[in-house]
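J.: Structure below; questions to follow.
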Amino acid sequence: MQLARHQHGKHPLDKGNPDCGDFQTLYTDLMTRTALRDHTVVLIGLMGAGKTTVGRRLAASMNRPFADADHEIECAAGRSVSEIFEDFGESAFRDGERRVIARLLDEPPMVLALGGGAFVDPETRALIGQKAISVWLQADVETLATRVARRDTRPLLREGNPTEILERLLETRQPAYAQADIHIDASAGTHQATADAILTALNARETQA
């Protein structure tokens, strides 16, 4: 038996049915996520921007794995980031960081949070540009200083006043951060709200592509 045709000779499902708005919204969202499946989403920004916490929430929303580059570096080196800095210096840490990030970008798509200085490296930044979508989590220095004050595990902040150090880091790194594909304000609202804002921006990017 043939399916009924409406008066213009087309099947009712040939075009979107206004009575199925909820389904169409879900369908569009699923298609957008499918379009994103080949890209790792990389979160960048200064320490305290919330990359790890936001990243975990974003990964859950996208139904994909989450990885923290600093944690992966620690696993590979068998020691903490602070110990790597103290034992070998920042240059050695950056070299190891570059290799670990390159390996992670060759793995199946994930949400990846980077350490604050990783995206400044031209080689790493170029690789991310080729293989991933980068998202800069922006926040004012006062907010960042308040957040990082809760933890004493930031090697670069042990060299003086945290607020002044963050201001210098932002001034130095901002030109690199500004090259990220997406910029998100992470200074206000909850971590979940920031994750939702990233997902909205990713969906909009795919729609415009």
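Labels for the structure tokens follow display order: chains A, B, ..., residues from 1 in each chain, ligands from 1.
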Do a neighbour search on region 192-207 of chain A at 6 Å with only C-alpha atoms, toss out local chain neighbours closer than 2 positions, and write the hits as a ChimeraX atom specification.
T.: /A:54,58,186,190,209
J.: Near Ala132 (chain A), within 8 Å and counting only C-alpha atoms, which residues show up once chain neighbours fewer than 2 positions away are dropped, as a list in words?
T.: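 Once the nearby chain positions are removed, what remains is His39, Thr40, Val41, Val42, Leu105, Ile128, Gly129, Gln130 and Ser134 of chain A.
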J.: Rounded to one decimal place, report the CA of Leu169 (chain A)-CA of Leu137 (chain A) distance in Å.
T.: 14.6 Å
J.: Hey, what's within 10 Å of Arg56 (chain A) if we count only C-alpha atoms and toss same-chain stuff fewer than 5 positions away? As JSON, numbers by chain, please?
T.: {"A": [51, 61, 62, 64, 65, 66, 67, 68, 111, 112, 113, 191, 192, 195]}
J.: Filtering to C-alpha atoms, could you give me those residues as a compact mmCIF listing (two decimals), in the first residue's frame?
T.:
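And here is the file that came out, again-v9.txt:
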```txt
# COMPACT_ATOMS: atom_id res chain seq x y z
CA LYS A 51 39.76 24.35 31.35
CA SER A 61 27.69 16.73 26.81
CA MET A 62 29.42 15.62 23.60
CA ARG A 64 33.38 11.77 24.11
CA PRO A 65 36.53 11.23 26.21
CA PHE A 66 38.26 14.00 28.14
CA ALA A 67 41.99 14.41 28.61
CA ASP A 68 44.06 16.93 30.56
CA VAL A 111 37.92 17.20 24.57
CA LEU A 112 41.48 18.18 25.50
CA ALA A 113 42.46 20.77 28.11
CA HIS A 191 31.35 25.85 34.68
CA GLN A 192 28.33 24.12 33.15
CA ALA A 195 30.47 24.33 28.70
```
J.: Pick from A:Thr53, A:Gln174, A:Thr163, A:Ser187: nearest to Phe119 (chain A), with only C-alpha atoms counted?
T.: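 Selected residue with least distance to Phe119 (chain A): A:Gln174.
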J.: Among region 24-103 of chain A, which ones does DSSP place in alpha helix (DSSP H), written as JSON, numbers by chain?
T.: {"A": [24, 25, 26, 27, 28, 29, 30, 31, 32, 33, 34, 35, 51, 52, 53, 54, 55, 56, 57, 58, 59, 60, 61, 62, 69, 70, 71, 72, 73, 74, 75, 76, 77, 81, 82, 83, 84, 85, 86, 87, 88, 90, 91, 92, 93, 94, 95, 96, 97, 98, 99, 100, 101, 102, 103]}
J.: Return the single residue from A:Met110, A:Ile133, A:Ala69, A:Ala118 that is closest to Ser91 (chain A), with distances computed using only C-alpha atoms.
T.: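 Of A:Met110, A:Ile133, A:Ala69, A:Ala118, the one nearest Ser91 (chain A), counting only C-alpha atoms, is A:Ala118.
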J.: What separation in Å, quoted to one decimal, exists between CA of Ala139 (chain A) and CA of Asp106 (chain A)?
T.: 29.4 Å
J.: Report, in Å to a single decimal, how far apart CA of Arg79 (chain A) and CA of Leu166 (chain A) are.
T.: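 The value is 24.8 Å.
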J.: I'd like the contact shell of Asp70 (chain A) - 9 Å cut-off, only C-alpha atoms, skipping same-chain residues fewer than 4 positions apart - returned as a list in words.
T.: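 Listing them by chain and then by number gives Glu74, Cys75, Ser80, Val81, Glu97, Ala113, Leu114 and Gly115 of chain A.
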J.: Near Arg173 (chain A), within 10 Å and counting only C-alpha atoms, which residues show up once chain neighbours fewer than 5 positions away are dropped, as a PyMOL selection string?
T.: chain A and resi 45-46+116-121+167-168+178
J.: My list of candidates is A:Asn63, A:Gly78, A:Ile73, A:Val141. Which is closest to Phe93 (chain A) when distances are computed with only C-alpha atoms?
T.: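 Nearest to Phe93 (chain A): A:Ile73.
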J.: Can you work out which one of A:Gly50, A:Gly189, A:Pro162, A:Pro122 has the shortest atom-to-atom distance to Ala176 (chain A), counting only C-alpha atoms?
T.: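 Selected residue with least distance to Ala176 (chain A): A:Pro122.
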